[in-house]
$ cat entry-v5.txt   # compact mmCIF, N, CA and C atoms
# COMPACT_ATOMS: atom_id res chain seq x y z
N MET A 1027 -137.06 41.19 178.09
CA MET A 1027 -136.32 40.38 179.00
C MET A 1027 -137.17 39.98 180.21
N TYR A 1028 -137.99 40.90 180.66
CA TYR A 1028 -138.86 40.61 181.78
C TYR A 1028 -139.85 39.49 181.44
N SER A 1029 -140.37 39.50 180.24
CA SER A 1029 -141.33 38.48 179.84
C SER A 1029 -140.68 37.11 179.75
N LYS A 1030 -139.41 37.05 179.39
CA LYS A 1030 -138.71 35.79 179.33
C LYS A 1030 -138.56 35.18 180.71
N GLN A 1031 -138.23 35.99 181.71
CA GLN A 1031 -138.10 35.50 183.07
C GLN A 1031 -139.44 35.02 183.60
N THR A 1032 -140.50 35.71 183.29
CA THR A 1032 -141.84 35.31 183.70
C THR A 1032 -142.20 33.98 183.07
N SER A 1033 -141.83 33.78 181.82
CA SER A 1033 -142.11 32.54 181.13
C SER A 1033 -141.36 31.38 181.79
N ASN A 1034 -140.10 31.60 182.13
CA ASN A 1034 -139.33 30.55 182.80
C ASN A 1034 -139.91 30.23 184.17
N THR A 1035 -140.32 31.26 184.89
CA THR A 1035 -140.93 31.07 186.20
C THR A 1035 -142.24 30.32 186.05
N SER A 1036 -143.00 30.64 185.01
CA SER A 1036 -144.27 29.96 184.75
C SER A 1036 -144.02 28.48 184.44
N ASN A 1037 -143.01 28.19 183.63
CA ASN A 1037 -142.67 26.79 183.31
C ASN A 1037 -142.21 26.05 184.56
N LEU A 1038 -141.44 26.73 185.40
CA LEU A 1038 -140.97 26.13 186.64
C LEU A 1038 -142.14 25.82 187.56
N ASN A 1039 -143.09 26.73 187.67
CA ASN A 1039 -144.27 26.51 188.51
C ASN A 1039 -145.13 25.36 187.99
N SER A 1040 -145.31 25.28 186.68
CA SER A 1040 -146.12 24.19 186.13
C SER A 1040 -145.40 22.85 186.29
N GLY A 1041 -144.07 22.87 186.17
CA GLY A 1041 -143.31 21.64 186.39
C GLY A 1041 -143.41 21.18 187.84
N THR A 1042 -143.32 22.12 188.74
CA THR A 1042 -143.46 21.80 190.17
C THR A 1042 -144.86 21.27 190.46
N PHE A 1043 -145.85 21.86 189.84
CA PHE A 1043 -147.23 21.42 190.02
C PHE A 1043 -147.42 19.99 189.53
N LEU A 1044 -146.87 19.68 188.33
CA LEU A 1044 -147.00 18.32 187.78
C LEU A 1044 -146.26 17.30 188.65
N LEU A 1045 -145.09 17.69 189.14
CA LEU A 1045 -144.34 16.80 190.02
C LEU A 1045 -145.11 16.54 191.31
N SER A 1046 -145.74 17.56 191.85
CA SER A 1046 -146.55 17.41 193.07
C SER A 1046 -147.72 16.47 192.83
N LEU A 1047 -148.39 16.61 191.67
CA LEU A 1047 -149.50 15.71 191.35
C LEU A 1047 -149.02 14.27 191.24
N LEU A 1048 -147.87 14.07 190.61
CA LEU A 1048 -147.32 12.73 190.46
C LEU A 1048 -147.02 12.12 191.83
N LEU A 1049 -146.39 12.87 192.70
CA LEU A 1049 -146.07 12.37 194.04
C LEU A 1049 -147.32 12.06 194.84
N ILE A 1050 -148.34 12.87 194.72
CA ILE A 1050 -149.60 12.62 195.43
C ILE A 1050 -150.25 11.34 194.93
N SER A 1051 -150.24 11.11 193.61
CA SER A 1051 -150.87 9.90 193.07
C SER A 1051 -150.09 8.66 193.47
N ILE A 1052 -148.74 8.76 193.51
CA ILE A 1052 -147.94 7.61 193.95
C ILE A 1052 -148.21 7.32 195.42
N SER A 1053 -148.30 8.36 196.23
CA SER A 1053 -148.58 8.20 197.65
C SER A 1053 -149.94 7.57 197.87
N ALA A 1054 -150.94 7.98 197.11
CA ALA A 1054 -152.29 7.42 197.24
C ALA A 1054 -152.28 5.94 196.85
N SER A 1055 -151.55 5.59 195.80
CA SER A 1055 -151.46 4.19 195.38
C SER A 1055 -150.79 3.35 196.45
N ALA A 1056 -149.73 3.87 197.06
CA ALA A 1056 -149.04 3.14 198.12
C ALA A 1056 -149.95 2.93 199.31
N ASP A 1057 -150.77 3.91 199.66
CA ASP A 1057 -151.70 3.77 200.78
C ASP A 1057 -152.73 2.69 200.50
N GLU A 1058 -153.20 2.60 199.26
CA GLU A 1058 -154.19 1.59 198.91
C GLU A 1058 -153.60 0.19 199.05
N VAL A 1059 -152.34 0.02 198.67
CA VAL A 1059 -151.70 -1.29 198.76
C VAL A 1059 -151.53 -1.71 200.21
N THR A 1060 -151.17 -0.78 201.09
CA THR A 1060 -150.94 -1.13 202.49
C THR A 1060 -152.24 -1.41 203.24
N THR A 1061 -153.39 -1.05 202.69
CA THR A 1061 -154.65 -1.30 203.37
C THR A 1061 -155.18 -2.71 203.10
N LEU A 1062 -154.61 -3.41 202.16
CA LEU A 1062 -155.07 -4.76 201.86
C LEU A 1062 -154.51 -5.73 202.90
N PRO A 1063 -155.29 -6.74 203.31
CA PRO A 1063 -154.76 -7.73 204.24
C PRO A 1063 -153.68 -8.57 203.55
N LYS A 1064 -152.69 -9.00 204.33
CA LYS A 1064 -151.59 -9.80 203.79
C LYS A 1064 -151.42 -11.06 204.61
N LEU A 1065 -151.13 -12.17 203.92
CA LEU A 1065 -150.82 -13.43 204.58
C LEU A 1065 -149.69 -14.06 203.78
N ALA A 1066 -148.53 -14.21 204.40
CA ALA A 1066 -147.36 -14.75 203.70
C ALA A 1066 -146.96 -16.08 204.33
N ILE A 1067 -146.62 -17.04 203.49
CA ILE A 1067 -146.17 -18.35 203.93
C ILE A 1067 -144.75 -18.56 203.41
N LYS A 1068 -143.87 -18.98 204.31
CA LYS A 1068 -142.50 -19.32 203.91
C LYS A 1068 -142.16 -20.68 204.47
N PRO A 1069 -141.72 -21.60 203.69
CA PRO A 1069 -141.59 -21.55 202.24
C PRO A 1069 -142.96 -21.69 201.58
N THR A 1070 -143.03 -21.42 200.29
CA THR A 1070 -144.29 -21.51 199.57
C THR A 1070 -144.57 -22.92 199.07
N GLN A 1071 -143.53 -23.78 199.08
CA GLN A 1071 -143.68 -25.16 198.64
C GLN A 1071 -142.99 -26.08 199.62
N CYS A 1072 -143.53 -27.28 199.74
CA CYS A 1072 -142.88 -28.36 200.48
C CYS A 1072 -142.52 -29.41 199.44
N VAL A 1073 -141.25 -29.74 199.33
CA VAL A 1073 -140.79 -30.63 198.26
C VAL A 1073 -140.33 -31.96 198.85
N SER A 1074 -140.94 -33.06 198.37
CA SER A 1074 -140.51 -34.40 198.77
C SER A 1074 -139.83 -35.06 197.57
N MET A 1075 -139.09 -36.12 197.83
CA MET A 1075 -138.33 -36.76 196.75
C MET A 1075 -139.23 -37.46 195.73
N ARG A 1076 -140.21 -38.19 196.22
CA ARG A 1076 -141.08 -38.96 195.32
C ARG A 1076 -142.54 -38.63 195.57
N GLN A 1077 -143.32 -38.75 194.51
CA GLN A 1077 -144.75 -38.54 194.61
C GLN A 1077 -145.35 -39.55 195.58
N GLY A 1078 -146.21 -39.07 196.47
CA GLY A 1078 -146.85 -39.94 197.45
C GLY A 1078 -146.16 -39.94 198.80
N GLN A 1079 -144.92 -39.46 198.87
CA GLN A 1079 -144.22 -39.38 200.15
C GLN A 1079 -144.69 -38.15 200.93
N ASP A 1080 -144.70 -38.30 202.26
CA ASP A 1080 -144.99 -37.15 203.12
C ASP A 1080 -143.82 -36.17 203.04
N CYS A 1081 -144.14 -34.93 203.29
CA CYS A 1081 -143.13 -33.89 203.25
C CYS A 1081 -143.10 -33.21 204.61
N PHE A 1082 -141.91 -33.01 205.14
CA PHE A 1082 -141.74 -32.36 206.43
C PHE A 1082 -141.18 -30.96 206.19
N VAL A 1083 -141.81 -29.95 206.82
CA VAL A 1083 -141.37 -28.57 206.59
C VAL A 1083 -141.59 -27.74 207.85
N ASN A 1084 -140.70 -26.78 208.06
CA ASN A 1084 -140.88 -25.78 209.10
C ASN A 1084 -141.52 -24.59 208.43
N VAL A 1085 -142.79 -24.36 208.70
CA VAL A 1085 -143.54 -23.30 208.01
C VAL A 1085 -143.62 -22.07 208.90
N ASP A 1086 -143.51 -20.90 208.26
CA ASP A 1086 -143.62 -19.62 208.94
C ASP A 1086 -144.73 -18.83 208.26
N VAL A 1087 -145.80 -18.57 209.01
CA VAL A 1087 -146.96 -17.84 208.48
C VAL A 1087 -147.04 -16.49 209.18
N SER A 1088 -147.01 -15.42 208.41
CA SER A 1088 -147.17 -14.09 208.99
C SER A 1088 -148.33 -13.39 208.30
N TRP A 1089 -149.03 -12.55 209.06
CA TRP A 1089 -150.20 -11.86 208.52
C TRP A 1089 -150.23 -10.43 209.03
N GLN A 1090 -150.98 -9.60 208.29
CA GLN A 1090 -151.14 -8.19 208.66
C GLN A 1090 -152.46 -7.69 208.09
N VAL A 1091 -153.21 -6.99 208.93
CA VAL A 1091 -154.45 -6.35 208.52
C VAL A 1091 -154.43 -4.91 209.01
N VAL A 1092 -155.35 -4.09 208.52
CA VAL A 1092 -155.36 -2.68 208.88
C VAL A 1092 -155.95 -2.47 210.27
N LYS A 1093 -157.07 -3.09 210.53
CA LYS A 1093 -157.83 -2.84 211.76
C LYS A 1093 -157.46 -3.83 212.85
N LYS A 1094 -157.15 -3.33 214.03
CA LYS A 1094 -156.89 -4.21 215.17
C LYS A 1094 -158.16 -4.97 215.52
N GLY A 1095 -157.98 -6.20 215.93
CA GLY A 1095 -159.12 -7.02 216.31
C GLY A 1095 -158.66 -8.37 216.82
N ASP A 1096 -159.61 -9.28 216.96
CA ASP A 1096 -159.33 -10.64 217.42
C ASP A 1096 -159.37 -11.57 216.21
N TYR A 1097 -158.23 -12.22 215.93
CA TYR A 1097 -158.10 -13.04 214.74
C TYR A 1097 -157.55 -14.41 215.09
N CYS A 1098 -157.91 -15.41 214.27
CA CYS A 1098 -157.39 -16.77 214.43
C CYS A 1098 -156.87 -17.28 213.09
N LEU A 1099 -155.81 -18.08 213.16
CA LEU A 1099 -155.23 -18.70 211.97
C LEU A 1099 -155.66 -20.16 211.93
N TYR A 1100 -156.21 -20.58 210.79
CA TYR A 1100 -156.65 -21.95 210.60
C TYR A 1100 -155.86 -22.59 209.46
N SER A 1101 -155.88 -23.93 209.46
CA SER A 1101 -155.26 -24.69 208.38
C SER A 1101 -156.21 -25.81 207.98
N THR A 1102 -156.08 -26.29 206.75
CA THR A 1102 -156.93 -27.40 206.30
C THR A 1102 -156.53 -28.71 206.97
N GLN A 1103 -155.42 -28.71 207.71
CA GLN A 1103 -154.99 -29.92 208.41
C GLN A 1103 -155.63 -30.08 209.79
N ALA A 1104 -156.25 -29.03 210.30
CA ALA A 1104 -156.82 -29.10 211.66
C ALA A 1104 -158.18 -28.41 211.70
N SER A 1105 -159.05 -28.91 212.57
CA SER A 1105 -160.39 -28.31 212.70
C SER A 1105 -160.40 -27.17 213.72
N THR A 1106 -159.39 -27.12 214.57
CA THR A 1106 -159.29 -26.06 215.57
C THR A 1106 -158.26 -25.03 215.12
N PRO A 1107 -158.33 -23.81 215.64
CA PRO A 1107 -157.36 -22.78 215.23
C PRO A 1107 -155.93 -23.17 215.62
N LEU A 1108 -154.99 -22.81 214.76
CA LEU A 1108 -153.58 -23.03 215.07
C LEU A 1108 -153.11 -22.07 216.16
N LYS A 1109 -153.58 -20.81 216.04
CA LYS A 1109 -153.23 -19.78 217.02
C LYS A 1109 -154.22 -18.63 216.88
N CYS A 1110 -154.49 -17.95 217.99
CA CYS A 1110 -155.37 -16.78 217.98
C CYS A 1110 -154.65 -15.58 218.60
N TRP A 1111 -155.01 -14.39 218.15
CA TRP A 1111 -154.45 -13.14 218.65
C TRP A 1111 -155.58 -12.23 219.07
N SER A 1112 -155.39 -11.48 220.17
CA SER A 1112 -156.38 -10.53 220.66
C SER A 1112 -155.89 -9.11 220.46
N ASN A 1113 -156.79 -8.25 220.00
CA ASN A 1113 -156.50 -6.82 219.81
C ASN A 1113 -155.19 -6.60 219.07
N SER A 1114 -155.04 -7.25 217.92
CA SER A 1114 -153.82 -7.17 217.15
C SER A 1114 -154.13 -6.92 215.68
N HIS A 1115 -153.16 -6.38 214.96
CA HIS A 1115 -153.31 -6.22 213.51
C HIS A 1115 -152.18 -6.92 212.76
N ILE A 1116 -151.25 -7.56 213.50
CA ILE A 1116 -150.20 -8.37 212.89
C ILE A 1116 -150.01 -9.63 213.73
N GLY A 1117 -149.47 -10.66 213.09
CA GLY A 1117 -149.20 -11.89 213.83
C GLY A 1117 -148.26 -12.79 213.07
N ASN A 1118 -147.68 -13.75 213.80
CA ASN A 1118 -146.74 -14.70 213.21
C ASN A 1118 -146.95 -16.05 213.86
N PHE A 1119 -146.88 -17.11 213.05
CA PHE A 1119 -147.03 -18.47 213.53
C PHE A 1119 -145.95 -19.32 212.87
N GLN A 1120 -145.28 -20.15 213.67
CA GLN A 1120 -144.23 -21.00 213.13
C GLN A 1120 -144.40 -22.40 213.70
N ALA A 1121 -144.28 -23.42 212.84
CA ALA A 1121 -144.44 -24.80 213.30
C ALA A 1121 -143.80 -25.76 212.30
N ASP A 1122 -143.45 -26.95 212.80
CA ASP A 1122 -143.01 -28.05 211.94
C ASP A 1122 -144.24 -28.87 211.61
N ILE A 1123 -144.48 -29.11 210.31
CA ILE A 1123 -145.66 -29.87 209.92
C ILE A 1123 -145.31 -30.93 208.89
N PHE A 1124 -146.13 -31.99 208.85
CA PHE A 1124 -146.05 -33.00 207.80
C PHE A 1124 -147.12 -32.67 206.77
N VAL A 1125 -146.75 -32.69 205.52
CA VAL A 1125 -147.67 -32.34 204.45
C VAL A 1125 -147.88 -33.55 203.54
N THR A 1126 -149.13 -33.94 203.33
CA THR A 1126 -149.46 -35.03 202.41
C THR A 1126 -150.21 -34.51 201.19
N GLN A 1127 -150.66 -33.26 201.27
CA GLN A 1127 -151.33 -32.59 200.16
C GLN A 1127 -151.22 -31.08 200.39
N ASN A 1128 -151.65 -30.29 199.43
CA ASN A 1128 -151.60 -28.83 199.60
C ASN A 1128 -152.32 -28.43 200.88
N VAL A 1129 -151.77 -27.44 201.59
CA VAL A 1129 -152.35 -26.97 202.84
C VAL A 1129 -152.72 -25.51 202.68
N THR A 1130 -153.98 -25.18 202.98
CA THR A 1130 -154.44 -23.80 202.91
C THR A 1130 -154.48 -23.22 204.32
N PHE A 1131 -153.84 -22.06 204.48
CA PHE A 1131 -153.88 -21.33 205.75
C PHE A 1131 -154.84 -20.16 205.57
N THR A 1132 -155.73 -19.97 206.54
CA THR A 1132 -156.76 -18.94 206.46
C THR A 1132 -156.80 -18.13 207.75
N LEU A 1133 -156.80 -16.81 207.59
CA LEU A 1133 -156.97 -15.91 208.72
C LEU A 1133 -158.45 -15.56 208.82
N LYS A 1134 -159.03 -15.76 210.02
CA LYS A 1134 -160.45 -15.48 210.21
C LYS A 1134 -160.65 -14.53 211.39
N SER A 1135 -161.70 -13.75 211.30
CA SER A 1135 -162.10 -12.90 212.41
C SER A 1135 -162.70 -13.79 213.49
N GLN A 1136 -162.25 -13.62 214.72
CA GLN A 1136 -162.73 -14.45 215.81
C GLN A 1136 -164.18 -14.13 216.17
N ASN A 1137 -164.61 -12.90 215.92
CA ASN A 1137 -165.96 -12.47 216.29
C ASN A 1137 -167.03 -13.13 215.44
N ASN A 1138 -166.83 -13.18 214.12
CA ASN A 1138 -167.88 -13.70 213.25
C ASN A 1138 -167.42 -14.85 212.36
N ASN A 1139 -166.20 -15.35 212.59
CA ASN A 1139 -165.65 -16.50 211.86
C ASN A 1139 -165.61 -16.28 210.34
N VAL A 1140 -165.48 -15.03 209.91
CA VAL A 1140 -165.41 -14.71 208.48
C VAL A 1140 -163.96 -14.79 208.01
N SER A 1141 -163.74 -15.46 206.89
CA SER A 1141 -162.40 -15.55 206.31
C SER A 1141 -161.97 -14.20 205.78
N ILE A 1142 -160.76 -13.78 206.13
CA ILE A 1142 -160.24 -12.50 205.68
C ILE A 1142 -159.29 -12.69 204.50
N ILE A 1143 -158.37 -13.65 204.64
CA ILE A 1143 -157.41 -13.91 203.58
C ILE A 1143 -156.88 -15.34 203.73
N SER A 1144 -156.52 -15.95 202.60
CA SER A 1144 -155.99 -17.31 202.59
C SER A 1144 -154.76 -17.39 201.70
N SER A 1145 -153.93 -18.38 201.98
CA SER A 1145 -152.76 -18.66 201.15
C SER A 1145 -152.48 -20.15 201.22
N VAL A 1146 -151.84 -20.69 200.16
CA VAL A 1146 -151.66 -22.14 200.04
C VAL A 1146 -150.17 -22.51 200.08
N LEU A 1147 -149.86 -23.52 200.89
CA LEU A 1147 -148.55 -24.17 200.89
C LEU A 1147 -148.68 -25.36 199.96
N GLU A 1148 -147.96 -25.34 198.86
CA GLU A 1148 -148.11 -26.38 197.85
C GLU A 1148 -147.15 -27.53 198.09
N LEU A 1149 -147.62 -28.74 197.81
CA LEU A 1149 -146.80 -29.94 197.89
C LEU A 1149 -146.25 -30.22 196.49
N ALA A 1150 -144.94 -30.43 196.40
CA ALA A 1150 -144.30 -30.70 195.11
C ALA A 1150 -143.38 -31.91 195.26
N TRP A 1151 -143.06 -32.55 194.13
CA TRP A 1151 -142.20 -33.72 194.14
C TRP A 1151 -141.03 -33.51 193.20
N VAL A 1152 -139.91 -34.12 193.55
CA VAL A 1152 -138.75 -34.10 192.66
C VAL A 1152 -138.98 -35.12 191.55
N HIS A 1153 -139.46 -36.33 191.92
CA HIS A 1153 -139.72 -37.39 190.95
C HIS A 1153 -141.16 -37.85 191.09
N THR A 1154 -141.86 -37.98 189.97
CA THR A 1154 -143.21 -38.52 190.02
C THR A 1154 -143.14 -40.04 189.93
N THR A 1155 -144.16 -40.70 190.48
CA THR A 1155 -144.21 -42.15 190.43
C THR A 1155 -144.50 -42.59 189.01
N GLN A 1156 -143.69 -43.55 188.53
CA GLN A 1156 -143.89 -44.05 187.17
C GLN A 1156 -144.25 -45.53 187.25
N ARG A 1157 -145.24 -45.89 186.49
CA ARG A 1157 -145.62 -47.30 186.43
C ARG A 1157 -144.79 -47.99 185.37
N LEU A 1158 -144.17 -49.08 185.73
CA LEU A 1158 -143.37 -49.84 184.78
C LEU A 1158 -144.26 -50.86 184.09
N SER A 1159 -144.07 -51.01 182.80
CA SER A 1159 -144.86 -52.02 182.09
C SER A 1159 -144.28 -53.40 182.39
N HIS A 1160 -145.10 -54.41 182.23
CA HIS A 1160 -144.66 -55.78 182.52
C HIS A 1160 -143.54 -56.22 181.58
N SER A 1161 -143.50 -55.69 180.39
CA SER A 1161 -142.48 -56.11 179.44
C SER A 1161 -141.09 -55.64 179.83
N SER A 1162 -140.97 -54.64 180.64
CA SER A 1162 -139.66 -54.10 180.98
C SER A 1162 -138.88 -55.02 181.94
N TRP A 1163 -139.58 -55.91 182.66
CA TRP A 1163 -138.85 -56.77 183.58
C TRP A 1163 -138.83 -58.25 183.15
N ARG A 1164 -139.38 -58.53 182.00
CA ARG A 1164 -139.35 -59.93 181.51
C ARG A 1164 -137.98 -60.27 180.94
N VAL A 1165 -137.51 -61.46 181.22
CA VAL A 1165 -136.21 -61.93 180.73
C VAL A 1165 -136.36 -62.49 179.32
N PHE A 1166 -137.44 -63.19 179.05
CA PHE A 1166 -137.62 -63.79 177.72
C PHE A 1166 -139.03 -63.62 177.24
$ encode --input "entry-v5.txt" --output "structure tokens"
Amino acid sequence: MYSKQTSNTSNLNSGTFLLSLLLISISASADEVTTLPKLAIKPTQCVSMRQGQDCFVNVDVSWQVVKKGDYCLYSTQASTPLKCWSNSHIGNFQADIFVTQNVTFTLKSQNNNVSIISSVLELAWVHTTQRLSHSSWRVF
């Protein structure tokens, strides 16, 4: 009877050990994910009615990095930074913009102008432009 209790205790200890290993590996994976820089754009698409039309959108760009520093947000629509932050590891930018093509937003380090992360606001259309053939409008 004593050996049976020892066996159950041994199984319980090994189960606890395996559960601990699993929790440690999940925790390590979660830490790795949070160390990656993030740049989120909302909405992810700007939709106009017809192909070739400008699209108007209120865009919200948020970013997060691990290390505090001086960062600037750039867009392919402008040569100057949209906004800069000092001694920060998170930031948010919101603006109304006109979109005529896909717009890439890039977070750069202010010290060495190195790109850290980018994300794209895509331009989409409800209807594409269709060319009508000459025969479709002829009467005779």
$ closest_residue --input "entry-v5.txt" --among "A:Ala1104, A:Phe1119, A:Ser1145, A:Trp1151" --to "A:Asp1086" --atoms "only C-alpha atoms"
A:Phe1119
$ residues_around --input "entry-v5.txt" --residues "A:Val1083" --least-positions-apart "3" --cutoff "9 Å" --atoms "only C-alpha atoms" --output "list in words"
Pro1069, Gln1071, Cys1072, Val1073, Ala1121, Asp1122, Ile1123, Phe1124 and Val1125 of chain A
$ atom_distance --input "entry-v5.txt" --atom1 "atom CA of A:Ser1114" --atom2 "atom CA of A:Trp1089"
10.5 Å
$ atom_distance --input "entry-v5.txt" --atom1 "atom CA of A:Ser1101" --atom2 "atom CA of A:Ala1066"
13.5 Å
$ residues_near_point --input "entry-v5.txt" --point "(-140.4, -39.1, 196.3)" --cutoff "7 Å" --atoms "all atoms listed in the file" --output "PyMOL selection string"
chain A and resi 1074-1079+1151-1154
$ closest_residue --input "entry-v5.txt" --among "A:Ser1112, A:Gln1127, A:Thr1132, A:Asn1137" --to "A:Asp1080" --atoms "only N, CA and C atoms"
A:Gln1127
